[in-house]
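Everything on this sheet refers to the single structure shown next.
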Amino acid sequence: MYDFDYHRPGSLDEAAAMIAGKDDVKLLAGGMSLIPALKLRLARYSDLVDLGAIDALKGIRREGNTLVIGAMTPHAEVAASAEVARAIPALAALAGGIGDPLVRNRGTIGGSIANADPAADYPAGVLGLGATIVTSRREIAADDFFLGLFETALKPGEIITAVRFPVPQAAAYCKHPQPASRFALAGVFVAKMAGGVRVAVTGAGPSVLRFEQAEAALAKKFDPSALEGITLAPDDLNSDIHASAEYRASCVVVMARRAVQRASEARAR
Amino acid sequence: MATVSLTVNGQRVSAEVEGRTLLVQLLREHLRLTGTHVGCDTSQCGCCTVHLDGKGVKSCTVLAASCEGATVTTIEGLAPEGKLHPMQEAFREHHALQCGFCTPGMIMSAVDMVRRKGNDLDEHTVREQLEGNLCRCTGYHNIVKAIQAGAAAMKRKA
Amino acid sequence: MSHAARSTRIGEPVRRREDHRLITGAGRFSDDVTLPGQAYAVMLRSPHAHARIRAIDSRNALALPGVIAVLTGADLRSDGLKPIPYNPFTLHPADIRMSNSDGSPPFVAPCYSMAVDRARYVGEIVAVVIAQTTPIAKDAAEAVDVDYEVLPAVTRTVAAAQPDAPRLWDDASSNVCLDADVGAKDATAAAFARAAHVVKIETWIQRVTGVPMEPRAAVGEYDAATQRYTLHAGSGGAVRLKTDLAKILGVPAKNVRVLMDDVGGNFGTRGMIYPEFALVPWAARRAGRPVKWTCERHESFLSDFQGRDLAVTAELALDAQGTFLALRGSNIGNSGGHPGSFTPLQKGVEIMSSLYRMPAAHFRARSVVSNTAPTRPYRSSGRPEVMYVMERLIDLAASEFGFDRVELRRRNLLKQGELPYTNPFGMIYDSGDYHDAMEKALKLGDWAGFPARRTEARRRGRRRGIGIANYVDTATGAPRERAEITVHPDGRVDLVIGTISNGQGHETSFAQLVNEWLGVPIDNVRLITGDTDIVKVGGGTHSGRSMRMGSVVIWNSAREIIAKGTRIAARLLESDPSTLRFENGRFRVEGADRSASLFEVAAAAAQLGDLPEDLRGPLAAFSDETFNIASFPYGCHVCEVEIDPELGTLEIARYSAVDDVGRAVNPMIIHGQVHGGIAQGVGQALMEQCYYDPGTGQLLTASFMDYSMPRADNFPFFSTEITEVPCTTHPLGMRPAGEGGTTPALGVFINAVVDALADYGVRHVEMPATPERIWRAIRDARAAPPAGRAR
């Protein structure tokens with residue numbers, strides 16, 4: 001690791017002031033991706049601003065038909081939350097499947113989506129549910145947030161404070177993991193919302209993406225059979241030593257079907 | 001350099017650390033608590049697992065400076081001096097270790113598993129919840145048995 | 001649970017004595033060693049698979065505060081360090097001899113601990129940077145300017161053997177270092193000519209790596225006054241490391257001391273000296289202070305010795321009834337960028353025909369160099385590869401010519417009455433009941449009940465398959481071992497031996513032997529293995545040699561202790577030695593109520609001034625033996641898998657193993673060895689691979705993010721059974737137990753996978769059987785014309 005100055009502000013304002021106007025400063029959330037990258041000297045910053053002491057960024061609450069999760073809420077807390085289980089059980093299950101239990105004790109939702117790893121789980125849930133990302137400056141719709149490989153709409157100096165999830169009628173997440181890292185090789189989040197069906201795919205492309213053909217089919221009939229004959233073109237998908245684009249494309253369809261099945265079963269209960 | 005003060009295995013300690021100093025370095029190099037091991041550099045193997053404010057974490061992926069005021073328990077402090085924790089007992093009784101390098105992390109992770117999942121652990125749960133700890137010697141067979149037995153023994157002793 | 005009441009003799013599942021320190025965090029591994037004033041080394045490694053080093057400019061690095069030195073290949077040469085003393089062939093006389101079939105000598109390149117002219121693989125050391133801290137050394141390593149001329153590289157085994165492949169050494173005529181013929185060519189050709197059936201396989205037993213959980217670490221010291229080097233570093237054996245280190249440093253062996261305590265796994269990877277283990281003590285001399293180096297995991301992936309990597313073409317000839325007639329083919333082993341070991345090639349090909357009656361066999365065996373990390377023996381060196389080939393051939397023959405897989409094995413498996421049996425390569429299988437092991441495994445794995453389980457799985461949309469594999473292991477290894485036992489009057493026994501535990505529990509199992517033969521409580525036995533100032537002779541832990549050889553030298557020493565003790569006790573008890581019997585730790589006068597304990601006798605030996613010369617002083621004995629006979633552990637495994645055909649994912653539903661160990665000293669430890677061995681073998685077959693990009697030679701699996709390590713949820717509980725048919729060539733009837741878990745695992749697993757996919761017409765799946773491979777196999781088989789499927 002290259003050395004840096006470490007800061008631990010107690011409030012959001014303090015944190016915002018620390019990073020304002022500096023481009024060599026990095027925010028530290030749970031650190032589950034950032035610290036390994038620093039250890040391998042893949043990244044270098046003059047200062048790290050740790051958001052861990054800002055209590056206002058933590059917590060889970062229900063506001064009408066919206067579930068609000070503070071940016072610094074760890075995955076384990078989301079996975080174990082009765083509030084999340086009642087409102088969006090699929091999101092609790094997603095959080096409970098990120099990394100491993102020890103990573104889930106530290107890693108946070110804000111850190112995960114700010115990092116925008118193309119194979120991370122949370123981006124699928126955020127995009128699949130059409131969530132709103134609340135920052136220190138504004139609110140950003142999920143559809144406008146994820147721009148590409150490790151790239152988001154966040155501006156320098158902007159801090160994610162919370163994510164607002166609309167409560168769906170039914171939802172589920174299914175992941176086919178890469179065998180080494182256990183990140184998603186193909187992860188699909190399916191949500192039936194009041195206004196239609198959303199299907200978000202992680203792990204398969206350069207960034208989380210929406211599977212529009214599946215969405216259209218499922219809007220007509222929210223049932224696994226609706227995906228019969230639906231395929232995903234492998235052209236823009238990732239190909240690496242773990243899986244070809246062609247295989248990923250096939251897995252996405254299977255995961256989508258299984259997610260719809262799971263969502264339907266959950267709804268029926 | 002900054003001073004960080006925390007409680008490790010019940011003792012108040014302070015150390016001068018750099019921003020980049022990791023919790024595991026603080027434990028191993030500053031405090032010479034070498035039972036916590038480093039087995040990888042990508043936060044996967046779990047050899048460095050300790051309890052931070054009561055929860056299992058990978059100490060190779062936590063900055064020491066962020067532990068100001070925190071409470072840390074390592075394998076050396078899991079049981080009172082001269083005693084074994086029921087999970088340690090179970091690992092020995094079930095031959096859940098061979099080379100012993102992953103073992104401290106396994107035991108700390110297993111105790112955290114009991115905190116999260118309770119004392120009555122089925123095989124599937126243990127295997128799934130052990131995702132963050134690698135072992136190359138045992139094929140996990142006896143580790144799973146030991147965790148099941150250790151979890152049950154923790155209930156009896158509680 | 002109370003252990004006190006239990007017996008701690010041979011055959012008991014004694015809980016391990018070493019565990020207490022390991023479960024409380026009090027173990028002492030290499031990185032736990034810290035010396036006052038130590039500096040830190042970082043290895044600058046080649047980023048290129050193949051490159052000429054034109055120049056190294058260290059000025060910017062040396063200018064950084066805290067940097068002590070930057071050492072390069074030029075420094076190494078000018079300081080007179082010698083090449084690494086590789087012995088590419090096995091040291092054991094029972095292994096077959098191999099030489100080039102054209103009579104030329106094998107090519108053994110001189111390899112130094114650091115690249116001196118060219119780097120030949122990504123990760124080869126180019127410079128050693130020494131600084132006051134590791135982070136400073138890393139900064140300095142980034143500041144070293146190396147002028148590389150990048151050369152074409154070759155990584156793949158078959159490609160490296162081609163005459164036009166990029167050449168690693170200019171003075172060799174090709175990358176093929178060894179090209180040997182083994183077996184009987186003409187007899188084999190004749191048998192093939194009259195065969196009713198011939199089945200063929202072309203396959204690659206891919207490159208994997210050992211991944212002991214403890215990364216390597218070393219601390220070096222140099223004492224200028226005594227001109228003595230000390231190395232603290234975990235390995236498979238202290239004595240061999242010392243000997244090799246002295247050769248590299250160019251000093252007498254007495255000027256080197258090697259120390260180690262706990263070693264966090266080995267699996268063969270720590271069997272031979274590593275370049276860093278020579279560089280660190282040398283750096284300590286150059287720096288004038290101790291130097292410590294700790295390997296990070298990504299460096300382990302680049303620079304730990306790797307394993308397997310064998311390209312095979314093999315054919316099996318059968319008569320119309322299914323009797324095996326002959327076996328032939330070609331094996332090409334890839335020894336990587338430092339051609340240091342032909343052992344896996346040699347130890348594999350010599351038992352290519354396994355436990356089956358095979359009238360004739362002929363193989364061409366080649367070893368090539370390539371721009372990859374060096375390979376060395378890895379758990380059960382060479383044998384899992386060939387057992388996999390043989391067991392795949394049998395299953396292929398069964399499916400292609402309409403034989404029952406089990407019946408075909410029964411027909412050809414050697415019967416107990418046929419032993420000793422000389423296999424077509426000249427290896428002599430001494431003893432065993434191979435049929436019994438197979439029948440037991442079939443029962444343990446409930447082979448008969450499988451069809452019902454397959455049907456049930458099918459109802460859930462899963463494809464279930466079952467596989468079987470017999471195996472034989474050749475245990476040879478460094479043939480010499482020595483033990484020394486000293487009985488102290490205060491009740492302690494010291495046992496000094498030249499092999500070392502890397503997790504196998506010697507402190508317990510060796511103490512059980514001492515308990516059995518000398519009646520000494522196991523907790524009173526101190527095992528000394530990790531200090532070459534005390535341990536003078538010994539081969540280390542590999543090739544199933546620790547208990548196999550250790551038991552004999554301990555037994556010999558114990559018998560001599562008893563013999564000496566009897567004569568001393570006779571004086572003490574004023575009896576004739578012939579009237580004394582030693583039992584439960586006491587010398588008793590037969591028919592009288594007089595006795596003396598072993599420790600009273602030890603005290604007497606030290607005190608009685610009028611004892612004969614050879615009995616005076618400490619009560620001690622040693623045994624130094626050379627073992628020239630190989631041992632052949634064997635067994636049979638059965639594996640059952642369930643496949644999700646939509647994704648190609650797989651679950652191991654059952655795994656049953658029967659392994660014969662001749663005589664079990666500590667069955668708990670043996671079962672543990674089998675469990676771990678299975679996981680390592682199945683890990684290779686299921687998911688592991690060191691993947692080198694064929695174009696650039698970059699290792700794309702250099703972290704746990706990309707190298708698939710088996711985890712707890714990849715396995716079920718295993719059913720393991722030990723059988724004990726005494727080994728006729730071992731004085732105590734023992735066979736090794738550490739490698740049997742791995743040896744058949746590759747073959748049995750792939751046999752199960754292919755069986756699960758048989759209904760689709762899938763003929764074979766290469767390792768690792770990744771989800772995509774299985775998914776493609778199903779898809780391709782479905783797309784194949786019906787004629788193709790009929791095979």
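Here, A, B, ... name the chains of the structure tokens in the order displayed, residue numbers run from 1 inside each chain, and ligands are numbered from 1 in the same displayed order.
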* Contact set, chain C to chain B: 8 Å, only C-alpha atoms, as number ranges by chain -> C: 15-16, 19-20, 22-28, 32, 211-215, 262-265, 296-298, 502-505, 668-669, 672-673, 675-680, 703-705, 709-713, 715-718
* **Residue hits in chain B, query chain A, radius 10 Å, only C-alpha atoms, as a ChimeraX atom specification** => /B:1-2,18-22,41-44,46,49-52,55-63,65-66,68,109,112-113,116,128-133
Resulting file, chosen residues, N, CA, C and O atoms, as a compact mmCIF listing (two decimals), in the first residue's frame:
# COMPACT_ATOMS: atom_id res chain seq x y z
N MET B 1 1.90 9.36 10.86
CA MET B 1 1.75 8.54 12.07
C MET B 1 0.70 9.16 13.00
O MET B 1 0.64 10.36 13.18
N ALA B 2 -0.13 8.27 13.51
CA ALA B 2 -1.13 8.72 14.47
C ALA B 2 -1.25 7.66 15.55
O ALA B 2 -0.84 6.52 15.35
N GLU B 18 0.62 4.15 10.85
CA GLU B 18 0.45 4.96 9.64
C GLU B 18 -1.00 4.83 9.19
O GLU B 18 -1.72 3.92 9.62
N GLY B 19 -1.39 5.68 8.27
CA GLY B 19 -2.73 5.57 7.71
C GLY B 19 -2.95 4.20 7.10
O GLY B 19 -4.01 3.59 7.22
N ARG B 20 -1.90 3.67 6.45
CA ARG B 20 -2.04 2.42 5.73
C ARG B 20 -1.86 1.18 6.61
O ARG B 20 -1.98 0.06 6.11
N THR B 21 -1.53 1.34 7.87
CA THR B 21 -1.35 0.16 8.73
C THR B 21 -2.67 -0.60 8.86
O THR B 21 -3.71 -0.01 9.15
N LEU B 22 -2.60 -1.90 8.63
CA LEU B 22 -3.80 -2.73 8.74
C LEU B 22 -3.95 -3.24 10.17
O LEU B 22 -2.97 -3.37 10.91
N ASP B 41 -3.98 -11.86 -0.06
CA ASP B 41 -3.97 -10.40 -0.16
C ASP B 41 -5.23 -9.89 -0.85
O ASP B 41 -5.27 -8.78 -1.32
N THR B 42 -6.24 -10.77 -0.93
CA THR B 42 -7.48 -10.35 -1.60
C THR B 42 -8.70 -10.59 -0.71
O THR B 42 -9.82 -10.69 -1.21
N SER B 43 -8.49 -10.73 0.57
CA SER B 43 -9.58 -10.84 1.55
C SER B 43 -10.43 -12.08 1.35
O SER B 43 -11.65 -12.03 1.53
N GLN B 44 -9.82 -13.18 0.96
CA GLN B 44 -10.62 -14.38 0.74
C GLN B 44 -10.37 -15.51 1.72
O GLN B 44 -11.28 -16.26 2.03
N GLY B 46 -9.49 -15.81 4.96
CA GLY B 46 -10.04 -15.81 6.31
C GLY B 46 -9.08 -16.20 7.41
O GLY B 46 -9.48 -16.31 8.57
N THR B 49 -9.06 -13.77 10.49
CA THR B 49 -10.33 -13.40 11.12
C THR B 49 -10.18 -13.11 12.62
O THR B 49 -9.60 -13.91 13.35
N VAL B 50 -10.70 -11.97 13.03
CA VAL B 50 -10.78 -11.61 14.45
C VAL B 50 -12.18 -11.06 14.70
O VAL B 50 -12.96 -10.89 13.76
N HIS B 51 -12.48 -10.79 15.95
CA HIS B 51 -13.76 -10.16 16.27
C HIS B 51 -13.52 -8.69 16.56
O HIS B 51 -12.70 -8.34 17.41
N LEU B 52 -14.23 -7.85 15.83
CA LEU B 52 -14.12 -6.40 16.00
C LEU B 52 -15.47 -5.92 16.51
O LEU B 52 -16.48 -6.08 15.81
N LYS B 55 -18.02 -8.64 16.20
CA LYS B 55 -18.36 -9.27 14.92
C LYS B 55 -17.10 -9.76 14.20
O LYS B 55 -16.05 -9.11 14.26
N GLY B 56 -17.25 -10.87 13.48
CA GLY B 56 -16.12 -11.42 12.75
C GLY B 56 -15.75 -10.53 11.57
O GLY B 56 -16.62 -10.12 10.79
N VAL B 57 -14.46 -10.22 11.45
CA VAL B 57 -13.99 -9.42 10.32
C VAL B 57 -12.65 -9.98 9.85
O VAL B 57 -11.97 -10.70 10.59
N LYS B 58 -12.29 -9.63 8.64
CA LYS B 58 -10.99 -9.99 8.12
C LYS B 58 -10.03 -8.85 8.45
O LYS B 58 -10.12 -7.77 7.87
N SER B 59 -9.13 -9.11 9.37
CA SER B 59 -8.32 -8.01 9.90
C SER B 59 -7.29 -7.52 8.88
O SER B 59 -6.64 -6.50 9.10
N CYS B 60 -7.15 -8.23 7.77
CA CYS B 60 -6.25 -7.76 6.72
C CYS B 60 -6.95 -6.73 5.84
O CYS B 60 -6.35 -6.18 4.92
N THR B 61 -8.23 -6.49 6.10
CA THR B 61 -8.98 -5.56 5.26
C THR B 61 -9.65 -4.50 6.13
O THR B 61 -10.71 -3.98 5.81
N VAL B 62 -9.02 -4.22 7.25
CA VAL B 62 -9.51 -3.17 8.15
C VAL B 62 -8.30 -2.30 8.49
O VAL B 62 -7.23 -2.82 8.84
N LEU B 63 -8.45 -1.02 8.36
CA LEU B 63 -7.35 -0.12 8.72
C LEU B 63 -7.27 -0.01 10.24
O LEU B 63 -8.29 0.14 10.92
N ALA B 65 -6.21 2.39 11.95
CA ALA B 65 -6.65 3.71 12.40
C ALA B 65 -8.16 3.78 12.59
O ALA B 65 -8.66 4.56 13.39
N SER B 66 -8.88 2.95 11.86
CA SER B 66 -10.34 2.99 11.97
C SER B 66 -10.82 2.25 13.21
O SER B 66 -12.02 2.19 13.46
N GLU B 68 -10.06 2.99 16.33
CA GLU B 68 -9.98 3.84 17.51
C GLU B 68 -11.19 3.56 18.42
O GLU B 68 -12.33 3.61 17.97
N SER B 109 -14.06 -17.46 13.01
CA SER B 109 -15.19 -17.38 12.09
C SER B 109 -16.33 -18.27 12.57
O SER B 109 -17.51 -17.91 12.48
N ASP B 112 -18.21 -16.63 15.32
CA ASP B 112 -19.07 -15.59 14.74
C ASP B 112 -20.29 -16.22 14.07
O ASP B 112 -21.38 -15.66 14.09
N MET B 113 -20.09 -17.39 13.48
CA MET B 113 -21.21 -18.10 12.84
C MET B 113 -22.28 -18.44 13.88
O MET B 113 -23.48 -18.28 13.63
N ARG B 116 -24.33 -15.51 14.67
CA ARG B 116 -25.29 -15.14 13.64
C ARG B 116 -26.39 -16.19 13.45
O ARG B 116 -27.52 -15.86 13.17
N GLU B 128 -22.07 -23.45 3.95
CA GLU B 128 -22.37 -22.20 3.26
C GLU B 128 -21.77 -21.00 4.00
O GLU B 128 -21.20 -20.10 3.40
N GLN B 129 -21.88 -21.04 5.33
CA GLN B 129 -21.40 -19.91 6.12
C GLN B 129 -19.88 -19.89 6.26
O GLN B 129 -19.31 -18.95 6.78
N LEU B 130 -19.23 -20.95 5.78
CA LEU B 130 -17.78 -21.02 5.86
C LEU B 130 -17.14 -20.50 4.57
O LEU B 130 -15.94 -20.69 4.33
N GLU B 131 -17.92 -19.84 3.78
CA GLU B 131 -17.45 -19.38 2.47
C GLU B 131 -16.21 -18.50 2.57
O GLU B 131 -15.38 -18.50 1.66
N GLY B 132 -16.07 -17.79 3.66
CA GLY B 132 -14.95 -16.84 3.77
C GLY B 132 -13.70 -17.42 4.39
O GLY B 132 -12.80 -16.66 4.73
N ASN B 133 -13.62 -18.73 4.53
CA ASN B 133 -12.44 -19.34 5.15
C ASN B 133 -11.96 -20.53 4.33
O ASN B 133 -12.71 -21.47 4.10
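Using only C-alpha atoms, the smallest distance between any of A:Glu158, A:Asp223, A:Glu246, A:Asp235 and chain C comes from A:Glu246.
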* To do: as a PyMOL selection string, list the residues of range 143-268 of chain A assigned to helix (DSSP H, G or I) by DSSP on the backbone atoms of this structure.
  => chain A and resi 143-145+212-220+224-227+234-236+245-268
* Structure fact -> Restricting to only C-alpha atoms, whichever of A:Arg41, A:Arg198, A:Lys155, A:Arg137 is closest to chain C is A:Arg41
* Asked: Out of A:Ala219, A:Leu185, A:Ala142, A:Ile133, which residue has the shortest atom-to-atom distance to chain C when counting only C-alpha atoms?
  ->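 Looking at the shortest contact to chain C, the residue is A:Leu185.
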* **Distance-based interface of chain C with chain A, 6 Å, counting only C-alpha atoms, as a count of residues only** => 4
* To do: Using only C-alpha atoms, pick whichever of A:Lys192, A:Lys175, A:Lys26, A:Arg262 has the shortest atom-to-atom distance to Gly157 in chain A.
  =>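 Nearest candidate to Gly157 in chain A out of A:Lys192, A:Lys175, A:Lys26, A:Arg262: A:Lys26.
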* Asked: So which residues touch Leu12 in chain A within 10 Å, counting only C-alpha atoms, skipping near sequence neighbours fewer than 6 positions away, as a list in words?
  ->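 Returned residues: Met18, Leu51, Ala53, Ile54, Asp55, Ala56, Leu57, Ser136, Ile159 and Thr161 of chain A.
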* Within 9 Å of range 204-207 of chain A, counting only C-alpha atoms, which residues show up once you throw out same-chain ones fewer than 6 positions away? Write them as an MDAnalysis selection string, please. => chainID A and resid 116:119 123 146:151 184:187 236:239 245 248:249 251:252
